[in-house]
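*Asks:* Data: structure.cif, mmCIF, C-alpha atoms and all ligand atoms.
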data_final
loop_
_atom_site.label_atom_id
_atom_site.label_comp_id
_atom_site.auth_asym_id
_atom_site.auth_seq_id
_atom_site.Cartn_x
_atom_site.Cartn_y
_atom_site.Cartn_z
CA MET A 1 8.10 30.98 8.42
CA LYS A 2 7.79 29.70 4.85
CA SER A 3 7.56 25.88 4.56
CA PRO A 4 10.51 24.26 2.81
CA GLU A 5 9.83 23.14 -0.77
CA ILE A 6 9.20 19.46 -1.46
CA LEU A 7 12.22 17.82 -3.06
CA LYS A 8 11.77 16.64 -6.63
CA VAL A 9 12.75 13.03 -7.18
CA ARG A 10 13.48 11.87 -10.70
CA ILE A 11 12.46 8.30 -11.52
CA GLY A 12 14.03 7.15 -14.77
CA LYS A 13 14.30 9.64 -17.64
CA ASP A 14 11.04 11.55 -17.54
CA LEU A 15 9.05 11.00 -14.36
CA VAL A 16 9.28 13.43 -11.44
CA ILE A 17 7.69 12.82 -8.03
CA GLY A 18 7.31 16.01 -6.03
CA ASP A 19 6.00 18.29 -8.80
CA PRO A 20 3.25 20.25 -7.00
CA SER A 21 1.08 20.30 -10.13
CA HIS A 22 0.95 16.52 -10.60
CA ILE A 23 0.09 13.52 -8.39
CA VAL A 24 1.76 10.47 -9.93
CA ILE A 25 -0.32 7.27 -10.10
CA GLN A 26 1.20 3.85 -9.68
CA THR A 27 0.36 0.21 -9.13
CA MET A 28 1.96 -3.20 -8.63
CA CYS A 29 2.00 -6.47 -10.56
CA ASN A 30 0.47 -9.52 -8.87
CA THR A 31 2.19 -12.00 -11.19
CA HIS A 32 5.09 -14.17 -10.07
CA THR A 33 8.25 -12.33 -11.15
CA ASP A 34 9.88 -15.55 -12.33
CA ASP A 35 6.99 -15.90 -14.79
CA VAL A 36 8.58 -13.35 -17.09
CA ASP A 37 5.98 -13.69 -19.89
CA ALA A 38 3.07 -13.06 -17.51
CA THR A 39 4.82 -10.14 -15.78
CA VAL A 40 5.75 -8.46 -19.08
CA ALA A 41 2.15 -8.88 -20.30
CA GLN A 42 0.76 -7.42 -17.08
CA CYS A 43 3.21 -4.48 -17.14
CA LYS A 44 2.09 -3.69 -20.70
CA ALA A 45 -1.58 -3.79 -19.65
CA LEU A 46 -0.87 -1.55 -16.65
CA ALA A 47 1.10 0.94 -18.73
CA ALA A 48 -1.71 1.03 -21.31
CA ALA A 49 -4.19 1.69 -18.47
CA GLY A 50 -2.18 4.74 -17.38
CA ALA A 51 0.23 3.53 -14.69
CA GLU A 52 3.11 5.98 -14.45
CA LEU A 53 5.18 3.65 -12.28
CA ILE A 54 4.93 -0.16 -11.92
CA ARG A 55 6.21 -2.15 -8.96
CA ILE A 56 7.20 -5.78 -9.16
CA THR A 57 8.14 -8.00 -6.27
CA VAL A 58 11.69 -9.33 -6.00
CA PRO A 59 11.59 -12.02 -3.30
CA SER A 60 15.22 -13.12 -3.67
CA SER A 61 18.45 -12.83 -5.64
CA LYS A 62 17.34 -15.57 -8.02
CA ASP A 63 14.59 -13.22 -9.31
CA VAL A 64 17.07 -10.49 -10.29
CA PRO A 65 17.82 -11.93 -13.78
CA CYS A 66 14.03 -12.11 -14.35
CA VAL A 67 13.67 -8.40 -13.49
CA ARG A 68 16.48 -7.57 -15.88
CA GLU A 69 14.78 -9.55 -18.65
CA ILE A 70 11.35 -8.00 -17.89
CA SER A 71 12.89 -4.53 -18.18
CA ARG A 72 14.74 -5.42 -21.40
CA ARG A 73 11.60 -6.81 -23.05
CA LEU A 74 9.46 -3.85 -22.01
CA ARG A 75 11.98 -1.28 -23.26
CA SER A 76 12.43 -3.08 -26.55
CA ALA A 77 8.62 -3.11 -26.95
CA GLY A 78 8.62 0.69 -26.47
CA VAL A 79 7.16 0.60 -22.93
CA ASP A 80 9.23 3.09 -20.91
CA THR A 81 7.19 3.08 -17.67
CA PRO A 82 9.71 3.05 -14.81
CA LEU A 83 9.92 -0.14 -12.75
CA VAL A 84 10.17 -0.35 -8.98
CA ALA A 85 11.67 -3.43 -7.30
CA ASP A 86 9.76 -4.35 -4.15
CA ILE A 87 12.13 -5.74 -1.52
CA HIS A 88 11.01 -7.03 1.83
CA PHE A 89 13.99 -8.22 3.84
CA SER A 90 17.16 -8.71 1.85
CA SER A 91 19.51 -5.76 1.34
CA ARG A 92 21.60 -8.08 -0.84
CA THR A 93 18.68 -8.51 -3.26
CA ALA A 94 18.10 -4.74 -3.22
CA ILE A 95 21.75 -4.08 -4.06
CA GLU A 96 21.76 -6.68 -6.83
CA VAL A 97 18.57 -5.44 -8.50
CA ALA A 98 19.18 -1.66 -8.14
CA PRO A 99 21.17 -1.35 -11.42
CA TYR A 100 18.25 -2.78 -13.44
CA VAL A 101 15.27 -0.76 -12.16
CA GLU A 102 14.45 2.92 -11.77
CA LYS A 103 13.51 2.68 -8.09
CA VAL A 104 13.83 0.24 -5.19
CA ARG A 105 11.25 0.02 -2.41
CA ILE A 106 12.67 -1.08 0.93
CA ASN A 107 11.96 -1.12 4.64
CA PRO A 108 15.49 -0.84 6.03
CA GLY A 109 14.22 -1.75 9.50
CA ASN A 110 13.79 -5.30 8.20
CA PHE A 111 17.27 -5.55 6.70
CA HIS A 112 18.84 -6.86 9.90
CA PRO A 113 17.78 -7.36 13.55
CA ASP A 114 20.81 -5.33 14.63
CA HIS A 115 20.00 -1.67 14.00
CA GLU A 116 23.59 -0.58 13.33
CA GLU A 117 24.00 -3.38 10.76
CA ALA A 118 20.69 -2.38 9.08
CA LYS A 119 22.04 1.20 8.82
CA ALA A 120 25.30 -0.05 7.28
CA GLN A 121 23.34 -2.10 4.73
CA LEU A 122 21.23 0.94 3.74
CA ALA A 123 24.43 2.98 3.29
CA ARG A 124 25.77 0.28 0.93
CA LEU A 125 22.52 0.31 -1.08
CA ILE A 126 22.68 4.11 -1.35
CA GLU A 127 26.14 3.86 -2.93
CA VAL A 128 24.81 1.49 -5.62
CA CYS A 129 21.76 3.69 -6.24
CA LYS A 130 23.95 6.79 -6.61
CA GLU A 131 26.11 4.99 -9.14
CA HIS A 132 23.14 3.86 -11.27
CA GLY A 133 20.74 6.81 -10.83
CA THR A 134 18.21 4.60 -9.02
CA ALA A 135 15.75 6.19 -6.60
CA ILE A 136 14.67 4.64 -3.29
CA ARG A 137 11.33 4.49 -1.53
CA ILE A 138 11.58 4.03 2.20
CA GLY A 139 8.28 2.18 2.71
CA LEU A 140 7.21 1.41 6.26
CA ASN A 141 3.95 -0.32 7.09
CA HIS A 142 2.09 -0.32 10.37
CA GLY A 143 2.82 -3.79 11.74
CA SER A 144 6.17 -4.27 10.04
CA LEU A 145 8.30 -1.81 11.97
CA GLY A 146 11.68 -2.97 13.20
CA LYS A 147 11.99 -4.21 16.82
CA TYR A 148 14.37 -1.35 17.64
CA ILE A 149 11.73 1.32 16.99
CA THR A 150 8.71 -0.50 18.50
CA GLU A 151 10.66 -0.99 21.73
CA LEU A 152 11.13 2.78 21.91
CA TYR A 153 7.72 4.08 20.76
CA GLY A 154 5.31 1.09 20.54
CA ASN A 155 3.51 0.19 17.34
CA THR A 156 2.06 3.67 16.85
CA PRO A 157 1.76 6.33 14.11
CA LEU A 158 4.45 8.32 15.94
CA ALA A 159 6.77 5.28 15.85
CA MET A 160 6.21 4.97 12.10
CA ALA A 161 7.12 8.62 11.55
CA LYS A 162 10.17 8.47 13.89
CA ALA A 163 11.45 5.34 12.13
CA ALA A 164 11.06 6.97 8.72
CA MET A 165 12.82 10.14 9.92
CA GLU A 166 15.78 8.14 11.10
CA TRP A 167 16.19 6.42 7.72
CA LEU A 168 15.71 9.71 5.87
CA GLN A 169 18.41 11.31 8.02
CA LEU A 170 20.75 8.51 7.04
CA CYS A 171 20.04 9.29 3.36
CA ILE A 172 20.80 12.99 4.03
CA ASP A 173 24.01 12.05 5.87
CA ASN A 174 25.02 10.07 2.78
CA ASP A 175 24.14 13.04 0.54
CA PHE A 176 21.37 11.08 -1.20
CA TYR A 177 18.10 12.88 -1.95
CA GLN A 178 16.47 10.66 -4.60
CA VAL A 179 14.11 9.34 -1.94
CA VAL A 180 10.33 8.98 -1.61
CA VAL A 181 8.75 7.90 1.68
CA SER A 182 5.56 6.05 2.65
CA LEU A 183 3.90 5.05 5.92
CA LYS A 184 0.98 2.81 5.06
CA SER A 185 -1.65 1.25 7.26
CA SER A 186 -4.97 -0.48 6.61
CA ASN A 187 -6.45 1.73 9.32
CA THR A 188 -7.23 5.13 7.76
CA VAL A 189 -6.86 7.03 11.05
CA VAL A 190 -3.46 5.48 11.82
CA MET A 191 -2.30 6.14 8.28
CA VAL A 192 -3.37 9.80 8.27
CA ASP A 193 -1.80 10.37 11.70
CA ALA A 194 1.49 8.78 10.69
CA TYR A 195 1.86 10.85 7.50
CA ARG A 196 0.94 14.07 9.31
CA HIS A 197 3.55 13.40 12.02
CA LEU A 198 6.18 12.73 9.39
CA HIS A 199 5.25 15.77 7.32
CA SER A 200 5.62 18.05 10.37
CA MET A 201 8.92 16.43 11.33
CA MET A 202 10.34 16.88 7.82
CA GLU A 203 9.20 20.52 7.73
CA GLU A 204 10.87 21.13 11.09
CA ALA A 205 14.06 19.48 9.83
CA GLY A 206 13.97 21.70 6.72
CA VAL A 207 14.08 18.86 4.16
CA VAL A 208 10.76 17.57 2.83
CA PHE A 209 10.91 14.38 0.78
CA PRO A 210 7.94 13.59 -1.47
CA MET A 211 5.42 11.14 -0.06
CA HIS A 212 3.83 8.04 -1.55
CA LEU A 213 0.33 7.55 -0.14
CA GLY A 214 -1.71 4.39 0.20
CA VAL A 215 -4.19 2.60 2.40
CA THR A 216 -2.64 -0.84 2.51
CA GLU A 217 -4.78 -4.00 2.38
CA ALA A 218 -7.88 -1.91 1.59
CA GLY A 219 -9.83 -4.91 0.26
CA ASN A 220 -11.90 -4.86 -2.91
CA GLY A 221 -15.12 -3.62 -4.53
CA ASP A 222 -16.89 -0.52 -3.25
CA SER A 223 -15.37 -0.80 0.25
CA GLY A 224 -11.77 -0.92 -1.02
CA ARG A 225 -12.37 2.07 -3.31
CA ILE A 226 -14.14 4.14 -0.66
CA LYS A 227 -11.58 3.34 2.05
CA SER A 228 -8.74 4.35 -0.30
CA CYS A 229 -10.49 7.61 -1.24
CA VAL A 230 -11.14 8.51 2.40
CA GLY A 231 -7.58 7.77 3.61
CA ILE A 232 -5.65 9.11 0.63
CA GLY A 233 -8.13 11.98 0.07
CA THR A 234 -7.79 13.24 3.65
CA LEU A 235 -4.05 13.73 3.15
CA LEU A 236 -4.23 15.09 -0.40
CA GLU A 237 -6.80 17.64 0.82
CA MET A 238 -4.15 18.84 3.32
CA GLY A 239 -1.59 19.15 0.52
CA ILE A 240 0.28 16.02 1.68
CA GLY A 241 1.18 13.40 -0.94
CA ASN A 242 2.86 13.35 -4.34
CA THR A 243 2.27 9.84 -5.63
CA ILE A 244 -0.49 7.36 -4.82
CA ARG A 245 -1.32 3.71 -5.07
CA VAL A 246 -4.88 2.49 -4.59
CA SER A 247 -4.35 -1.13 -3.54
CA LEU A 248 -7.27 -3.43 -4.31
CA THR A 249 -7.61 -7.21 -4.06
CA GLU A 250 -8.51 -7.29 -7.76
CA ASP A 251 -6.78 -7.21 -11.12
CA PRO A 252 -4.31 -4.30 -10.63
CA VAL A 253 -5.62 -2.69 -13.84
CA ALA A 254 -8.78 -1.91 -11.82
CA GLU A 255 -6.75 0.26 -9.42
CA LEU A 256 -5.84 2.82 -12.04
CA PRO A 257 -9.20 4.53 -12.74
CA VAL A 258 -9.59 5.12 -8.99
CA ALA A 259 -6.04 6.45 -8.65
CA ARG A 260 -6.52 8.69 -11.69
CA PHE A 261 -9.77 10.02 -10.22
CA LEU A 262 -7.98 10.94 -6.98
CA SER A 263 -5.05 12.50 -8.81
CA GLU A 264 -7.34 14.67 -10.95
CA TYR A 265 -9.76 15.53 -8.13
CA TYR A 266 -7.02 16.83 -5.84
CA SER A 267 -4.93 18.50 -8.56
CA GLY A 268 -7.97 20.52 -9.64
CA LYS A 269 -7.90 18.94 -13.10
CA PRO A 270 -11.04 17.99 -15.05
CA ILE A 271 -12.26 14.53 -14.02
CA SER A 272 -11.88 12.11 -16.92
CA MET A 273 -14.00 9.29 -15.39
CA PRO A 274 -17.42 9.28 -17.10
CA GLU A 275 -20.52 9.95 -14.99
CA SER A 276 -21.33 6.57 -13.40
CA ARG A 277 -22.23 4.87 -10.14
CA GLU A 278 -18.49 4.50 -9.42
CA ARG A 279 -17.77 8.18 -10.00
CA THR A 280 -20.69 9.20 -7.76
CA MET A 281 -19.31 6.94 -5.03
CA LEU A 282 -15.73 8.24 -5.30
CA GLU A 283 -16.89 11.88 -5.35
CA ALA A 284 -18.98 11.36 -2.22
CA ALA A 285 -16.08 9.61 -0.46
CA CYS A 286 -13.73 12.53 -1.25
CA LYS A 287 -16.31 15.18 -0.42
CA TYR A 288 -17.41 13.79 2.96
CA GLY A 289 -14.78 11.27 4.07
CA PRO A 290 -11.98 13.68 5.09
CA SER A 291 -14.18 15.87 7.28
CA LEU A 292 -15.62 12.76 9.01
CA LEU A 293 -12.18 11.26 9.55
CA MET A 294 -10.85 14.54 10.94
CA HIS A 295 -13.96 14.97 13.15
CA ARG A 296 -14.91 18.26 11.49
CA SER A 297 -18.36 16.72 10.91
CA ASP A 298 -20.24 13.85 12.52
CA THR A 299 -22.92 12.88 10.02
CA LEU A 300 -23.57 12.94 6.31
CA ALA A 301 -26.81 13.15 4.38
CA LEU A 302 -26.44 12.04 0.78
CA GLU A 303 -28.74 12.72 -2.14
CA THR A 304 -26.97 11.17 -5.10
CA GLY A 305 -30.09 10.72 -7.20
CA LEU A 306 -29.42 6.96 -7.30
CA GLY A 307 -32.11 6.09 -4.75
CA ALA A 308 -32.52 6.20 -1.00
CA GLY A 309 -31.21 2.62 -0.61
CA PHE A 310 -27.96 3.46 -2.38
CA ASP A 311 -27.57 6.74 -0.43
CA SER A 312 -27.94 4.93 2.88
CA TYR A 313 -25.50 2.17 1.83
CA LEU A 314 -22.95 4.74 0.61
CA ALA A 315 -23.26 6.76 3.83
CA ASP A 316 -22.61 3.57 5.86
CA GLU A 317 -19.55 2.74 3.75
CA ILE A 318 -18.09 6.26 4.09
CA MET A 319 -18.73 6.32 7.85
CA GLN A 320 -16.97 2.97 8.22
CA ALA A 321 -14.04 3.99 6.00
CA ALA A 322 -13.59 7.09 8.19
CA ARG A 323 -13.84 4.81 11.27
CA ARG A 324 -16.78 6.75 12.71
CA ARG A 325 -19.38 3.95 12.71
CA PHE A 326 -19.08 0.24 11.91
CA TYR A 327 -22.00 -1.45 10.19
CA LYS A 328 -20.22 -4.64 9.06
CA PRO A 329 -16.90 -6.43 9.68
CA GLU A 330 -13.75 -4.61 8.71
CA TYR A 331 -11.88 -6.62 6.13
CA ILE A 332 -8.16 -6.24 5.60
CA ALA A 333 -7.05 -7.97 2.41
CA CYS A 334 -3.71 -7.57 0.73
CA PRO A 335 -3.74 -6.87 -3.01
CA GLY A 336 -1.56 -9.91 -3.73
CA CYS A 337 1.81 -9.79 -5.45
CA GLY A 338 4.42 -12.17 -6.78
CA ARG A 339 4.58 -13.79 -3.35
CA THR A 340 0.89 -14.79 -3.26
CA MET A 341 0.46 -18.46 -2.35
CA TYR A 342 -3.16 -19.15 -3.41
CA ASN A 343 -6.18 -17.75 -5.23
CA LEU A 344 -6.46 -14.70 -3.02
CA GLN A 345 -9.48 -13.09 -4.66
CA GLU A 346 -11.49 -16.31 -4.41
CA ALA A 347 -10.39 -16.90 -0.78
CA PHE A 348 -11.39 -13.34 0.14
CA GLU A 349 -14.88 -13.79 -1.34
CA GLN A 350 -15.32 -17.11 0.52
CA VAL A 351 -14.27 -15.56 3.84
CA LYS A 352 -16.58 -12.57 3.31
CA ALA A 353 -19.51 -14.88 2.51
CA ARG A 354 -19.06 -16.77 5.83
CA THR A 355 -18.38 -13.77 8.07
CA SER A 356 -20.47 -10.86 6.78
CA HIS A 357 -22.70 -10.93 9.91
CA LEU A 358 -19.78 -10.26 12.31
CA LYS A 359 -20.20 -6.49 12.62
CA GLY A 360 -17.16 -4.62 13.97
CA MET A 361 -14.80 -7.63 13.82
CA VAL A 362 -11.51 -7.12 11.96
CA ILE A 363 -10.70 -10.04 9.63
CA ALA A 364 -7.56 -10.19 7.49
CA VAL A 365 -7.11 -12.29 4.34
CA MET A 366 -3.48 -12.31 3.29
CA GLY A 367 -1.68 -13.77 0.30
CA CYS A 368 1.49 -15.20 1.84
CA ILE A 369 2.78 -16.67 5.06
CA VAL A 370 6.11 -14.79 4.80
CA ASN A 371 4.75 -11.24 5.09
CA GLY A 372 1.02 -11.65 5.66
CA PRO A 373 1.10 -12.22 9.45
CA GLY A 374 3.32 -9.16 10.02
CA GLU A 375 1.21 -6.93 7.78
CA MET A 376 -2.20 -7.67 9.30
CA ALA A 377 -1.33 -5.59 12.36
CA ASP A 378 -4.76 -4.88 13.87
CA ALA A 379 -6.78 -7.91 12.78
CA ASP A 380 -8.81 -9.97 15.28
CA TRP A 381 -8.51 -12.97 12.95
CA GLY A 382 -6.17 -13.71 10.08
CA TYR A 383 -6.54 -16.10 7.13
CA VAL A 384 -3.21 -16.62 5.43
CA GLY A 385 -2.20 -18.63 2.34
CA GLU A 386 0.61 -21.09 3.10
CA GLY A 387 0.98 -22.56 -0.40
CA ASN A 388 0.35 -26.19 -1.45
CA GLY A 389 -3.41 -25.75 -1.03
CA LYS A 390 -3.14 -24.99 2.69
CA VAL A 391 -4.18 -22.05 4.88
CA SER A 392 -3.12 -20.90 8.36
CA ILE A 393 -5.66 -19.28 10.67
CA TYR A 394 -4.48 -16.68 13.17
CA LYS A 395 -6.13 -15.21 16.24
CA LYS A 396 -4.61 -11.74 16.66
CA ASN A 397 -1.07 -12.48 15.55
CA VAL A 398 -0.86 -16.03 16.93
CA PRO A 399 -1.39 -19.02 14.61
CA VAL A 400 -4.17 -21.21 16.03
CA LEU A 401 -4.69 -23.67 13.18
CA MET A 402 -2.15 -24.45 10.48
CA HIS A 403 -2.08 -26.52 7.28
CA VAL A 404 -5.88 -26.41 6.85
CA PRO A 405 -6.95 -27.53 3.35
CA GLU A 406 -8.25 -24.52 1.39
CA SER A 407 -11.63 -26.20 0.80
CA GLU A 408 -12.23 -26.48 4.57
CA ALA A 409 -10.58 -23.28 5.77
CA PRO A 410 -13.49 -20.77 5.50
CA ASP A 411 -15.71 -23.06 7.63
CA LYS A 412 -12.90 -23.68 10.14
CA LEU A 413 -12.40 -19.94 10.50
CA LEU A 414 -16.08 -19.43 11.27
CA GLU A 415 -16.09 -22.35 13.75
CA LEU A 416 -13.16 -20.86 15.62
CA ILE A 417 -14.75 -17.40 15.74
CA GLU A 418 -18.09 -18.78 16.94
CA ALA A 419 -16.41 -20.86 19.64
CA GLU A 420 -15.01 -17.63 21.10
CA GLN A 421 -18.34 -15.81 21.21
S1 LIG A 501 0.97 -10.21 2.25
FE1 LIG A 501 0.09 -10.10 0.16
S2 LIG A 501 0.92 -8.20 -0.78
FE2 LIG A 501 2.14 -8.63 1.10
S3 LIG A 501 3.89 -9.80 0.31
FE3 LIG A 501 2.35 -11.35 0.91
S4 LIG A 501 1.13 -11.73 -0.94
FE4 LIG A 501 2.32 -9.86 -1.32
#
Let me see the file written as structure tokens.
Ligand code: SF4
*Replies:*
Amino acid sequence: MKSPEILKVRIGKDLVIGDPSHIVIQTMCNTHTDDVDATVAQCKALAAAGAELIRITVPSSKDVPCVREISRRLRSAGVDTPLVADIHFSSRTAIEVAPYVEKVRINPGNFHPDHEEAKAQLARLIEVCKEHGTAIRIGLNHGSLGKYITELYGNTPLAMAKAAMEWLQLCIDNDFYQVVVSLKSSNTVVMVDAYRHLHSMMEEAGVVFPMHLGVTEAGNGDSGRIKSCVGIGTLLEMGIGNTIRVSLTEDPVAELPVARFLSEYYSGKPISMPESRERTMLEAACKYGPSLLMHRSDTLALETGLGAGFDSYLADEIMQAARRRFYKPEYIACPGCGRTMYNLQEAFEQVKARTSHLKGMVIAVMGCIVNGPGEMADADWGYVGEGNGKVSIYKKNVPVLMHVPESEAPDKLLELIEAEQ
């Protein structure tokens, strides 16, 4: 039987997600949305670097006028890149901001603890989106599923896909098809499994919404790039995925060359990235990572021409990204956004410097106390910015030390870990 065609979702005037010949690249601001000048400046830099879609966080209703002003200033400066409002909990904020952006990203499971009420709130948002031509991304992350679904299926890839299907069905029931869907995880195997489940379920149901791919909290540097290429590349190689975000704990401008590389590599377009160490690394991750992750191969022998030391390091990184062999700790670090409560990039480097010997341990460094703990699903230890120069340290998902001054927190984390060993 022929597979149903992927729906095409229009975002703003000119952008289409779901066109089989093009993988859309996107990113997210890490400025505070109420700092309108900084957010406008960052959006301009991201658009100039090639972002086709830019997400900004909208923590509450009081940020909605800022979003409206950011959009107005960008459009009057001739920057037409569509904006996506990132909503975490409040359907009211989503409804208020929907008229002023081209797309709203939500996890309806977090709208309300009562599932029926969460459904009613999504239906109300759909009405506003229909009226204003605003698209929706249903964005579920491993670790932030609603209680209703985890009670039924556990915190599993299948649960992620089932939850997404339920929300997509509600969109269909409300005759609303301007929807993109994502199921992110920092664990590449979980993420690939979840998207594959959902893709099969949508095919069976006969309506295939376009998918937004990402490895969430991938970290930074070589590891963040390689992990993103392995996770996203495995799905794109299967023909799954229509838009991508490479999330790095760096300046978001740095995400775009990696995303463009992936988009070109898997669309069969010429690669625009010049020959470089980075390109060699990304090519190797895309060439070998998917078959390792899918267990079609067990080893890789690299000869990049950049030296035996580099080849061995790159092989270790790709094996770890595919979760086949761990040669160092696994770091989960959010990219930061307008909710970030401290200097995340600096904190991440300090934590890495103290813990690099802890092979196989999963350590999360998260930007905010509101969403960080929920998003670091699989971490053994969590290091979370509280604001006001303080950090909370978590063991699994339980806080064990709170209000630690930032200057002391990396040492405290190491003390706690060593006391357990
Ligand atoms: S955990 Fe990080 S990316 Fe997620 S909302 Fe908080 S600061 Fe933003």
*Asks:* Residues up to 8 Å from ligand LIG 501 (chain A), counting all atoms listed in the file: could you list those as a PyMOL selection string?
*Replies:* chain A and resi 30+57+88+217+333-341+366-373+375
*Asks:* The selected residues should be written to file as a PDB file, keeping the file's coordinate frame (atoms: C-alpha atoms).
*Replies:*
ATOM      1  CA  ASN A  30       0.470  -9.520  -8.870  1.00  0.00           C
ATOM      2  CA  THR A  57       8.140  -8.000  -6.270  1.00  0.00           C
ATOM      3  CA  HIS A  88      11.010  -7.030   1.830  1.00  0.00           C
ATOM      4  CA  GLU A 217      -4.780  -4.000   2.380  1.00  0.00           C
ATOM      5  CA  ALA A 333      -7.050  -7.970   2.410  1.00  0.00           C
ATOM      6  CA  CYS A 334      -3.710  -7.570   0.730  1.00  0.00           C
ATOM      7  CA  PRO A 335      -3.740  -6.870  -3.010  1.00  0.00           C
ATOM      8  CA  GLY A 336      -1.560  -9.910  -3.730  1.00  0.00           C
ATOM      9  CA  CYS A 337       1.810  -9.790  -5.450  1.00  0.00           C
ATOM     10  CA  GLY A 338       4.420 -12.170  -6.780  1.00  0.00           C
ATOM     11  CA  ARG A 339       4.580 -13.790  -3.350  1.00  0.00           C
ATOM     12  CA  THR A 340       0.890 -14.790  -3.260  1.00  0.00           C
ATOM     13  CA  MET A 341       0.460 -18.460  -2.350  1.00  0.00           C
ATOM     14  CA  MET A 366      -3.480 -12.310   3.290  1.00  0.00           C
ATOM     15  CA  GLY A 367      -1.680 -13.770   0.300  1.00  0.00           C
ATOM     16  CA  CYS A 368       1.490 -15.200   1.840  1.00  0.00           C
ATOM     17  CA  ILE A 369       2.780 -16.670   5.060  1.00  0.00           C
ATOM     18  CA  VAL A 370       6.110 -14.790   4.800  1.00  0.00           C
ATOM     19  CA  ASN A 371       4.750 -11.240   5.090  1.00  0.00           C
ATOM     20  CA  GLY A 372       1.020 -11.650   5.660  1.00  0.00           C
ATOM     21  CA  PRO A 373       1.100 -12.220   9.450  1.00  0.00           C
ATOM     22  CA  GLU A 375       1.210  -6.930   7.780  1.00  0.00           C
TER      23      GLU A 375
END
*Asks:* Using all atoms listed in the file, determine which residues lie at most 9 Å from Gln26 of chain A, disregarding the query and same-chain residues fewer than 6 positions distant; provide the list as a CSV table (one decimal) with C-alpha atoms, in the frame of the given file.
*Replies:*
chain,number,residue,atom,x,y,z
A,50,GLY,CA,-2.2,4.7,-17.4
A,51,ALA,CA,0.2,3.5,-14.7
A,52,GLU,CA,3.1,6.0,-14.4
A,53,LEU,CA,5.2,3.6,-12.3
A,54,ILE,CA,4.9,-0.2,-11.9
A,55,ARG,CA,6.2,-2.2,-9.0
A,243,THR,CA,2.3,9.8,-5.6
A,244,ILE,CA,-0.5,7.4,-4.8
A,245,ARG,CA,-1.3,3.7,-5.1
A,246,VAL,CA,-4.9,2.5,-4.6
A,255,GLU,CA,-6.8,0.3,-9.4
A,256,LEU,CA,-5.8,2.8,-12.0
A,259,ALA,CA,-6.0,6.4,-8.6
*Asks:* So what do you get for atom CA of Val128 of chain A versus atom CA of Asn174 of chain A, distance-wise?
*Replies:*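 Taking atom CA of Val128 of chain A as the start and atom CA of Asn174 of chain A as the end point, the length is 12.0 Å.
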*Asks:* How would you write as a PyMOL selection string the residues that get within 12 Å of (1.4, -6.8, -18.6) in the file's frame, counting all atoms listed in the file?
*Replies:* chain A and resi 27-33+35-49+51+54-56+70-71+73-74+77+79+81+251-253
*Asks:* May I ask for the distance between atom CA of Arg354 of chain A and atom CA of Glu415 of chain A, given in Å to one decimal place?
*Replies:*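 According to the coordinates, atom CA of Arg354 of chain A and atom CA of Glu415 of chain A are separated by 10.1 Å.
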*Asks:* Could you jot down the atom CA of Ser91 of chain A to atom CA of Ile17 of chain A separation for me, Å, one decimal place?
*Replies:*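 Interatomic distance, atom CA of Ser91 of chain A to atom CA of Ile17 of chain A: 23.9 Å.
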*Asks:* For Ala322 of chain A, work out the shell of residues within 12 Å, counting all atoms listed in the file and skipping chain neighbours fewer than 4 positions away, then give it as a PyMOL selection string.
*Replies:* chain A and resi 186-192+215+223+226-234+285-286+288-300+315-318+326+330
